[in-house]
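S.K.: Sharing my_file_6.csv (CSV, C-alpha atoms) below.
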chain,number,residue,atom,x,y,z
R,1,MET,CA,-103.5,115.9,178.1
R,2,ARG,CA,-105.2,112.9,176.6
R,3,ARG,CA,-108.2,110.9,177.6
R,4,LEU,CA,-107.7,107.1,178.2
R,5,ARG,CA,-111.3,106.4,179.4
R,6,PRO,CA,-114.0,106.7,178.2
R,7,ASP,CA,-113.6,107.1,174.5
R,8,PRO,CA,-109.8,107.5,174.2
R,9,HIS,CA,-108.8,110.7,172.5
R,10,GLU,CA,-105.5,112.7,172.1
R,11,GLU,CA,-107.1,116.0,172.9
R,12,VAL,CA,-109.4,117.0,175.8
R,13,ASP,CA,-111.5,120.0,176.5
R,14,LEU,CA,-110.8,120.1,180.3
R,15,ARG,CA,-113.6,122.6,181.1
R,16,SER,CA,-116.1,120.3,179.5
R,17,ALA,CA,-114.6,117.2,181.0
R,18,TYR,CA,-115.0,118.6,184.6
R,19,ALA,CA,-118.3,120.5,184.1
R,20,VAL,CA,-120.9,120.3,186.9
R,21,SER,CA,-124.5,120.9,186.2
R,22,SER,CA,-125.8,121.0,189.8
R,23,ALA,CA,-126.0,124.4,191.6
R,24,ARG,CA,-124.9,122.6,194.8
R,25,HIS,CA,-121.9,120.2,194.5
R,26,LEU,CA,-118.9,119.4,196.6
R,27,ARG,CA,-115.8,118.3,194.7
R,28,ALA,CA,-112.5,117.3,196.3
R,29,ASN,CA,-109.2,117.6,194.5
R,30,PHE,CA,-106.2,115.8,195.8
R,31,VAL,CA,-102.9,114.4,194.6
R,32,ALA,CA,-101.2,111.1,195.8
R,33,SER,CA,-98.1,109.0,195.0
R,34,LEU,CA,-98.4,105.5,193.7
R,35,ASP,CA,-97.9,104.2,197.2
R,36,GLY,CA,-100.6,106.4,198.6
R,37,ALA,CA,-98.6,109.3,200.1
R,38,ALA,CA,-100.5,112.6,200.1
R,39,THR,CA,-97.4,114.8,200.6
R,40,LEU,CA,-93.7,114.7,199.7
R,41,GLN,CA,-91.5,116.4,202.3
R,42,GLY,CA,-94.6,117.6,204.1
R,43,LYS,CA,-96.3,119.3,201.1
R,44,SER,CA,-98.5,118.2,198.2
R,45,ALA,CA,-96.6,120.3,195.7
R,46,GLY,CA,-93.8,117.8,195.5
R,47,LEU,CA,-96.2,115.3,193.9
R,48,SER,CA,-97.6,117.7,191.4
R,49,SER,CA,-96.8,118.5,187.7
R,50,ALA,CA,-97.5,121.4,185.3
R,51,ALA,CA,-100.6,119.6,184.1
R,52,ASP,CA,-101.8,119.0,187.7
R,53,ARG,CA,-101.2,122.7,188.6
R,54,ALA,CA,-103.1,123.8,185.5
R,55,LEU,CA,-106.0,121.5,186.5
R,56,PHE,CA,-105.8,122.9,190.1
R,57,HIS,CA,-106.4,126.4,188.8
R,58,LEU,CA,-109.1,125.3,186.3
R,59,LEU,CA,-111.1,123.6,189.1
R,60,ARG,CA,-110.7,126.7,191.2
R,61,SER,CA,-112.1,128.8,188.4
R,62,MET,CA,-115.1,126.5,188.2
R,63,ALA,CA,-115.9,126.7,191.9
R,64,ASP,CA,-117.9,129.3,193.9
R,65,VAL,CA,-115.7,128.7,197.0
R,66,VAL,CA,-112.6,126.8,198.0
R,67,LEU,CA,-112.9,124.8,201.3
R,68,VAL,CA,-109.8,124.0,203.3
R,69,GLY,CA,-108.8,123.0,206.8
R,70,ALA,CA,-106.9,125.5,208.9
R,71,GLY,CA,-103.9,123.2,209.3
R,72,THR,CA,-103.5,122.8,205.5
R,73,ALA,CA,-103.9,126.6,205.0
R,74,ARG,CA,-101.0,127.1,207.4
R,75,GLU,CA,-98.8,124.3,206.1
R,76,GLU,CA,-99.3,125.2,202.5
R,77,ASN,CA,-99.1,129.0,203.2
R,78,TYR,CA,-102.4,129.7,201.5
R,79,GLY,CA,-103.1,133.0,199.9
R,80,GLY,CA,-106.2,134.0,198.0
R,81,ALA,CA,-107.3,132.4,194.7
R,82,ARG,CA,-106.3,134.2,191.6
R,83,SER,CA,-108.8,135.5,189.0
R,84,ALA,CA,-109.0,133.5,185.7
R,85,GLU,CA,-110.4,134.4,182.4
R,86,GLY,CA,-111.8,137.6,183.8
R,87,HIS,CA,-113.9,135.9,186.5
R,88,ARG,CA,-113.9,137.0,190.1
R,89,PRO,CA,-111.8,134.5,192.1
R,90,PRO,CA,-113.5,132.2,194.6
R,91,PRO,CA,-113.1,133.1,198.3
R,92,ILE,CA,-111.1,130.6,200.5
R,93,ALA,CA,-113.3,129.2,203.2
R,94,VAL,CA,-111.2,127.9,206.1
R,95,VAL,CA,-112.6,125.5,208.7
R,96,SER,CA,-111.3,126.1,212.3
R,97,ARG,CA,-112.6,125.3,215.8
R,98,SER,CA,-109.8,127.0,217.7
R,99,LEU,CA,-109.4,130.2,215.5
R,100,GLN,CA,-105.7,130.2,216.1
R,101,PHE,CA,-104.7,132.3,213.1
R,102,ASP,CA,-101.9,134.7,212.3
R,103,LEU,CA,-103.7,137.7,210.9
R,104,SER,CA,-100.5,138.7,209.0
R,105,ALA,CA,-100.6,135.4,207.0
R,106,ARG,CA,-101.1,135.4,203.2
R,107,LEU,CA,-104.6,134.0,203.8
R,108,PHE,CA,-105.7,137.5,205.0
R,109,THR,CA,-103.2,139.8,203.4
R,110,ASP,CA,-102.5,138.3,199.9
R,111,THR,CA,-106.0,138.1,198.5
R,112,SER,CA,-108.4,140.2,196.5
R,113,VAL,CA,-111.4,138.5,198.1
R,114,PRO,CA,-111.8,138.4,201.9
R,115,PRO,CA,-111.6,134.8,203.2
R,116,ILE,CA,-114.4,133.0,205.0
R,117,VAL,CA,-113.7,131.4,208.4
R,118,ILE,CA,-116.1,128.6,209.3
R,119,THR,CA,-116.2,127.9,213.0
R,120,CYS,CA,-118.5,126.8,215.8
R,121,GLY,CA,-120.3,128.4,218.8
R,122,ALA,CA,-117.6,127.0,221.2
R,123,ALA,CA,-114.9,129.1,219.5
R,124,PRO,CA,-113.6,132.0,221.6
R,125,ARG,CA,-115.9,135.0,221.1
R,126,ALA,CA,-113.0,137.4,221.3
R,127,LEU,CA,-111.2,135.7,218.4
R,128,ARG,CA,-114.4,135.6,216.4
R,129,ASP,CA,-114.8,139.3,216.8
R,130,GLU,CA,-111.1,139.9,215.9
R,131,LEU,CA,-111.4,137.8,212.7
R,132,SER,CA,-114.6,139.6,211.7
R,133,ALA,CA,-112.5,142.6,210.8
R,134,VAL,CA,-110.6,140.7,208.0
R,135,ALA,CA,-112.9,137.8,207.2
R,136,ASP,CA,-116.5,136.7,206.9
R,137,VAL,CA,-117.0,134.5,210.0
R,138,VAL,CA,-119.6,131.8,209.7
R,139,VAL,CA,-120.7,130.0,212.9
R,140,ALA,CA,-122.0,126.5,212.1
R,141,GLY,CA,-122.6,124.1,214.9
R,142,ASP,CA,-122.3,124.4,218.7
R,143,ALA,CA,-119.5,122.3,220.2
R,144,ASP,CA,-117.9,121.5,216.9
R,145,VAL,CA,-118.2,122.6,213.2
R,146,ASP,CA,-121.3,121.2,211.6
R,147,LEU,CA,-120.1,120.8,207.9
R,148,ARG,CA,-123.6,120.3,206.6
R,149,ALA,CA,-124.8,123.5,208.2
R,150,ALA,CA,-121.7,125.2,207.0
R,151,LEU,CA,-122.4,124.2,203.4
R,152,ASP,CA,-126.0,125.5,203.8
R,153,GLU,CA,-124.6,128.8,205.0
R,154,LEU,CA,-122.3,129.0,202.0
R,155,ALA,CA,-125.1,128.1,199.6
R,156,ALA,CA,-127.2,130.9,201.1
R,157,ARG,CA,-124.4,133.3,200.1
R,158,GLY,CA,-124.6,132.0,196.5
R,159,LEU,CA,-121.6,129.7,197.0
R,160,GLY,CA,-123.0,126.3,196.2
R,161,ARG,CA,-120.3,124.8,194.1
R,162,VAL,CA,-117.6,123.9,196.7
R,163,LEU,CA,-114.0,122.7,195.9
R,164,CYS,CA,-112.4,121.0,198.9
R,165,GLU,CA,-108.6,121.0,198.8
R,166,GLY,CA,-107.9,119.3,202.1
R,167,GLY,CA,-106.4,118.4,204.3
R,168,PRO,CA,-107.0,114.7,205.0
R,169,HIS,CA,-109.0,115.2,208.2
R,170,LEU,CA,-111.3,117.7,206.5
R,171,LEU,CA,-111.9,115.3,203.6
R,172,GLY,CA,-112.5,112.5,206.1
R,173,ALA,CA,-115.1,114.7,207.9
R,174,VAL,CA,-116.7,115.6,204.6
R,175,ALA,CA,-117.0,111.9,203.6
R,176,ALA,CA,-118.2,110.8,207.0
R,177,ALA,CA,-121.0,113.4,206.8
R,178,GLY,CA,-122.1,112.0,203.4
R,179,LEU,CA,-121.3,115.4,201.7
R,180,LEU,CA,-118.8,114.3,199.1
R,181,ASP,CA,-120.2,114.4,195.6
R,182,GLU,CA,-117.0,114.0,193.6
R,183,LEU,CA,-113.3,113.2,194.0
R,184,CYS,CA,-110.6,114.3,191.5
R,185,LEU,CA,-107.4,112.4,192.2
R,186,THR,CA,-104.1,113.0,190.5
R,187,LEU,CA,-101.9,109.9,190.7
R,188,SER,CA,-98.3,110.9,190.6
R,189,PRO,CA,-95.9,108.4,189.0
R,190,MET,CA,-93.5,108.1,192.0
R,191,VAL,CA,-93.1,106.0,195.1
R,192,ALA,CA,-92.7,108.4,198.0
R,193,GLY,CA,-92.1,106.1,200.9
R,194,GLY,CA,-91.7,107.6,204.4
R,195,ASN,CA,-94.5,108.3,206.8
R,196,ALA,CA,-96.7,110.6,204.8
R,197,GLY,CA,-100.4,110.3,205.5
R,198,ARG,CA,-103.1,109.4,202.9
R,199,ILE,CA,-105.5,111.8,201.4
R,200,VAL,CA,-108.2,110.8,204.0
R,201,ALA,CA,-107.7,110.7,207.8
R,202,GLY,CA,-110.1,109.7,210.5
R,203,TYR,CA,-112.9,108.3,208.2
R,204,LEU,CA,-114.2,105.1,209.8
R,205,PRO,CA,-117.5,104.2,208.1
R,206,ASP,CA,-119.4,101.1,208.9
R,207,VAL,CA,-120.0,100.4,205.2
R,208,VAL,CA,-117.8,101.7,202.5
R,209,GLU,CA,-119.7,102.6,199.4
R,210,PRO,CA,-117.8,102.4,196.0
R,211,MET,CA,-117.3,105.5,194.0
R,212,HIS,CA,-117.9,105.5,190.2
R,213,LEU,CA,-115.1,106.2,187.8
R,214,ARG,CA,-116.1,109.0,185.3
R,215,HIS,CA,-112.8,109.4,183.3
R,216,VAL,CA,-109.1,108.8,183.2
R,217,LEU,CA,-106.8,111.4,181.7
R,218,GLU,CA,-103.1,111.2,181.3
R,219,ASP,CA,-100.2,113.6,180.9
R,220,ASP,CA,-96.5,112.7,181.2
R,221,GLY,CA,-97.2,109.7,183.4
R,222,HIS,CA,-99.6,111.4,185.7
R,223,LEU,CA,-103.1,110.0,185.8
R,224,PHE,CA,-106.1,112.3,186.4
R,225,LEU,CA,-109.0,110.3,187.8
R,226,ARG,CA,-112.5,111.7,188.3
R,227,TYR,CA,-114.9,109.8,190.5
R,228,SER,CA,-118.4,110.5,191.7
R,229,THR,CA,-120.5,109.1,194.5
R,230,ALA,CA,-123.6,109.0,192.4
R,231,ALA,CA,-124.2,106.3,189.7
R,232,GLU,CA,-125.1,107.9,186.3
Would it be possible to restate this file's structure as structure tokens?
M.R.:
Amino acid sequence: MRRLRPDPHEEVDLRSAYAVSSARHLRANFVASLDGAATLQGKSAGLSSAADRALFHLLRSMADVVLVGAGTAREENYGGARSAEGHRPPPIAVVSRSLQFDLSARLFTDTSVPPIVITCGAAPRALRDELSAVADVVVAGDADVDLRAALDELAARGLGRVLCEGGPHLLGAVAAAGLLDELCLTLSPMVAGGNAGRIVAGYLPDVVEPMHLRHVLEDDGHLFLRYSTAAE
């Protein structure tokens, strides 16, 4: 992988390039086609590459916790994160109001670290109790999930560096709540067409604030863009 901006260079230390100094930070990582599709044939994997998958695992290894929506966890058949370089893998934190989970799914059975389920007070108490046997259940908010309160609960557990992997509605909710610190976007060199959604859904701000481009990396036609919401 080479760096195109800033300071073009043929070799990049990816861990340094994606380093985060803050103890609390929410980074989102997504892939999209040239025409804005977030999936190909219903899954993001079709837009990926070997370099994108390597970055995916690197960013997970740098996170304290991976945040994902329940729909994405089901569609992408999420299992637990894998350990890297001798480090304990981050837990998967799944956001769900309904708590309609299959407890035989890989999320609960194929993991070395119990998942975290983030829900709200309105979620069925019986399902919360059932999930408590296989997951750390966090109640944040009353009628709906309060993402800011959820992040506070994660930080209280020592999980301040959050990697959000989707889906689009969760990223939209994160952005709408003003919680997005960084967006890592892999731009796949293909035109997907079809009716695939974008990386963000449901986000309707009154004023759109620009993000700040930190770097552009390239590998085999894929562009790896790192943006932050804070000017530096």
S.K.: Which residues of stretch 51-155 of chain R sit at most 9 Å from stretch 10-33 of chain R, using all atoms listed in the file? Give each one's shortest atom pair and distance in Å (one decimal place), in chain and ascending residue order, as a Markdown table.
M.R.:
| residue | atom | partner | partner_atom | distance |
| --- | --- | --- | --- | --- |
| R:Asp52 | CA | R:Val31 | CA | 8.4 |
| R:Leu55 | CA | R:Leu14 | CA | 8.0 |
| R:Phe56 | CA | R:Asn29 | CA | 7.7 |
| R:Leu58 | CA | R:Arg15 | CA | 7.4 |
| R:Leu59 | CA | R:Tyr18 | CA | 7.8 |
| R:Met62 | CA | R:Ala19 | CA | 7.9 |
| R:Ala63 | CA | R:Arg27 | CA | 8.9 |
| R:Ala155 | CA | R:Arg24 | CA | 7.3 |
S.K.: Residues near R:Ala140, anyone? I mean within 7 Å using all atoms listed in the file, not counting same-chain ones fewer than 2 positions away, as a list in words.
M.R.: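 Near R:Ala140, the qualifying residues are Ile118, Thr119, Cys120, Val138, Asp142, Val145, Asp146, Ala149 and Ala150 of chain R.
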S.K.: Only C-alpha atoms, please: the residues just picked out, written as a PDB file, keeping the file's coordinate frame.
M.R.:
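Okay, this is what ended up in result_1.pdb:
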ATOM      1  CA  ILE R 118    -116.100 128.600 209.300  1.00  0.00           C
ATOM      2  CA  THR R 119    -116.200 127.900 213.000  1.00  0.00           C
ATOM      3  CA  CYS R 120    -118.500 126.800 215.800  1.00  0.00           C
ATOM      4  CA  VAL R 138    -119.600 131.800 209.700  1.00  0.00           C
ATOM      5  CA  ASP R 142    -122.300 124.400 218.700  1.00  0.00           C
ATOM      6  CA  VAL R 145    -118.200 122.600 213.200  1.00  0.00           C
ATOM      7  CA  ASP R 146    -121.300 121.200 211.600  1.00  0.00           C
ATOM      8  CA  ALA R 149    -124.800 123.500 208.200  1.00  0.00           C
ATOM      9  CA  ALA R 150    -121.700 125.200 207.000  1.00  0.00           C
TER      10      ALA R 150
END
S.K.: If you measure from atom CA of R:Phe101 to atom CA of R:Leu67, what distance in Å do you get, rounded to one decimal?
M.R.: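 Calculated distance between atom CA of R:Phe101 and atom CA of R:Leu67 is 16.2 Å.
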S.K.: Find the residues near R:Gly71: any atom within 12 Å, counting all atoms listed in the file, skip ones fewer than 2 places away on the same chain, and give them as an MDAnalysis selection string.
M.R.: chainID R and resid 43 68:69 73:78 94:101 165:170
S.K.: Taking 2 positions as the minimum chain separation for residues in the same chain, which residues sit within 8 Å of stretch 215-220 of chain R when counting all atoms listed in the file? Answer as a list in words.
M.R.: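 Residues meeting the cut-off are Met1, Arg2, Arg3, Leu4, Arg5, Pro6, Ala51, Leu213, His222, Leu223, Phe224, Leu225, Arg226 and Tyr227 of chain R.
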S.K.: Give the answer as one residue: which of R:Ser188, R:Ser49, R:Thr229, R:Ser44 has the shortest atom-to-atom distance to R:Thr72, using all atoms listed in the file?
M.R.: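 Closest residue, counting all atoms listed in the file: R:Ser44.
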S.K.: Between atom CA of R:Arg88 and atom CA of R:Asp152, what distance in Å does the model show, to one decimal?
M.R.: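 Going from atom CA of R:Arg88 over to atom CA of R:Asp152 covers 21.6 Å.
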S.K.: Enter the distance from atom CA of R:Arg106 to atom CA of R:Val134, in Å, rounded to one decimal.
M.R.: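 About the pair atom CA of R:Arg106 and atom CA of R:Val134: they are 11.9 Å apart.
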S.K.: Anything within 10 Å of (-110.4, 139.1, 201.9): list those residues as a ChimeraX atom specification, counting only C-alpha atoms and sticking to the file's coordinates.
M.R.: /R:79-80,91-92,107-116,133-136
S.K.: Could you turn the residues from that selection into a file that holds C-alpha atoms, as an mmCIF file, keeping the file's coordinate frame?
M.R.:
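What landed in selection-v9.cif:
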data_model
loop_
_atom_site.group_PDB
_atom_site.id
_atom_site.type_symbol
_atom_site.label_atom_id
_atom_site.label_comp_id
_atom_site.auth_asym_id
_atom_site.auth_seq_id
_atom_site.Cartn_x
_atom_site.Cartn_y
_atom_site.Cartn_z
ATOM 1 C CA GLY R 79 -103.100 133.000 199.900
ATOM 2 C CA GLY R 80 -106.200 134.000 198.000
ATOM 3 C CA PRO R 91 -113.100 133.100 198.300
ATOM 4 C CA ILE R 92 -111.100 130.600 200.500
ATOM 5 C CA LEU R 107 -104.600 134.000 203.800
ATOM 6 C CA PHE R 108 -105.700 137.500 205.000
ATOM 7 C CA THR R 109 -103.200 139.800 203.400
ATOM 8 C CA ASP R 110 -102.500 138.300 199.900
ATOM 9 C CA THR R 111 -106.000 138.100 198.500
ATOM 10 C CA SER R 112 -108.400 140.200 196.500
ATOM 11 C CA VAL R 113 -111.400 138.500 198.100
ATOM 12 C CA PRO R 114 -111.800 138.400 201.900
ATOM 13 C CA PRO R 115 -111.600 134.800 203.200
ATOM 14 C CA ILE R 116 -114.400 133.000 205.000
ATOM 15 C CA ALA R 133 -112.500 142.600 210.800
ATOM 16 C CA VAL R 134 -110.600 140.700 208.000
ATOM 17 C CA ALA R 135 -112.900 137.800 207.200
ATOM 18 C CA ASP R 136 -116.500 136.700 206.900
#
S.K.: Nearest residue to R:Ala45 out of R:Gly193, R:Ala122, R:Ser104, R:Thr186, using only C-alpha atoms?
M.R.: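 Nearest candidate to R:Ala45 out of R:Gly193, R:Ala122, R:Ser104, R:Thr186: R:Thr186.
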S.K.: With a distance cut-off of 9 Å and all atoms listed in the file, select the neighbouring residues of R:Arg128, excluding the residue or stretch itself and same-chain residues fewer than 3 positions from it, and output the selection as a PDB file with C-alpha atoms, in the coordinates of the input.
M.R.:
ATOM      1  CA  LEU R  99    -109.400 130.200 215.500  1.00  0.00           C
ATOM      2  CA  THR R 119    -116.200 127.900 213.000  1.00  0.00           C
ATOM      3  CA  ALA R 123    -114.900 129.100 219.500  1.00  0.00           C
ATOM      4  CA  PRO R 124    -113.600 132.000 221.600  1.00  0.00           C
ATOM      5  CA  ARG R 125    -115.900 135.000 221.100  1.00  0.00           C
ATOM      6  CA  LEU R 131    -111.400 137.800 212.700  1.00  0.00           C
ATOM      7  CA  SER R 132    -114.600 139.600 211.700  1.00  0.00           C
ATOM      8  CA  VAL R 137    -117.000 134.500 210.000  1.00  0.00           C
TER       9      VAL R 137
END
S.K.: Taking into account all atoms listed in the file, which residue in the set R:Ala196, R:Leu163, R:Val191, R:Ala176 is nearest to R:Gly42?
M.R.: R:Ala196
S.K.: So which residues touch R:Arg148 within 10 Å, counting only C-alpha atoms, skipping near sequence neighbours fewer than 5 positions away, as a list in words?
M.R.: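 Returned residues: Ala140, Gly141, Glu153, Leu154, Val174, Ala177, Gly178 and Leu179 of chain R.
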S.K.: For each of R:Asp64, R:Asp35, R:Asp206, R:Asp129, take the minimum atom-to-atom distance to R:Leu151, counting all atoms listed in the file, then give the residue where this is smallest.
M.R.: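 Of R:Asp64, R:Asp35, R:Asp206, R:Asp129, the one nearest R:Leu151, counting all atoms listed in the file, is R:Asp64.
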S.K.: Tell me which of R:Ala70, R:Ala156, R:Met211, R:Ala50 sits closest to R:Ala175, counting all atoms listed in the file.
M.R.: R:Met211
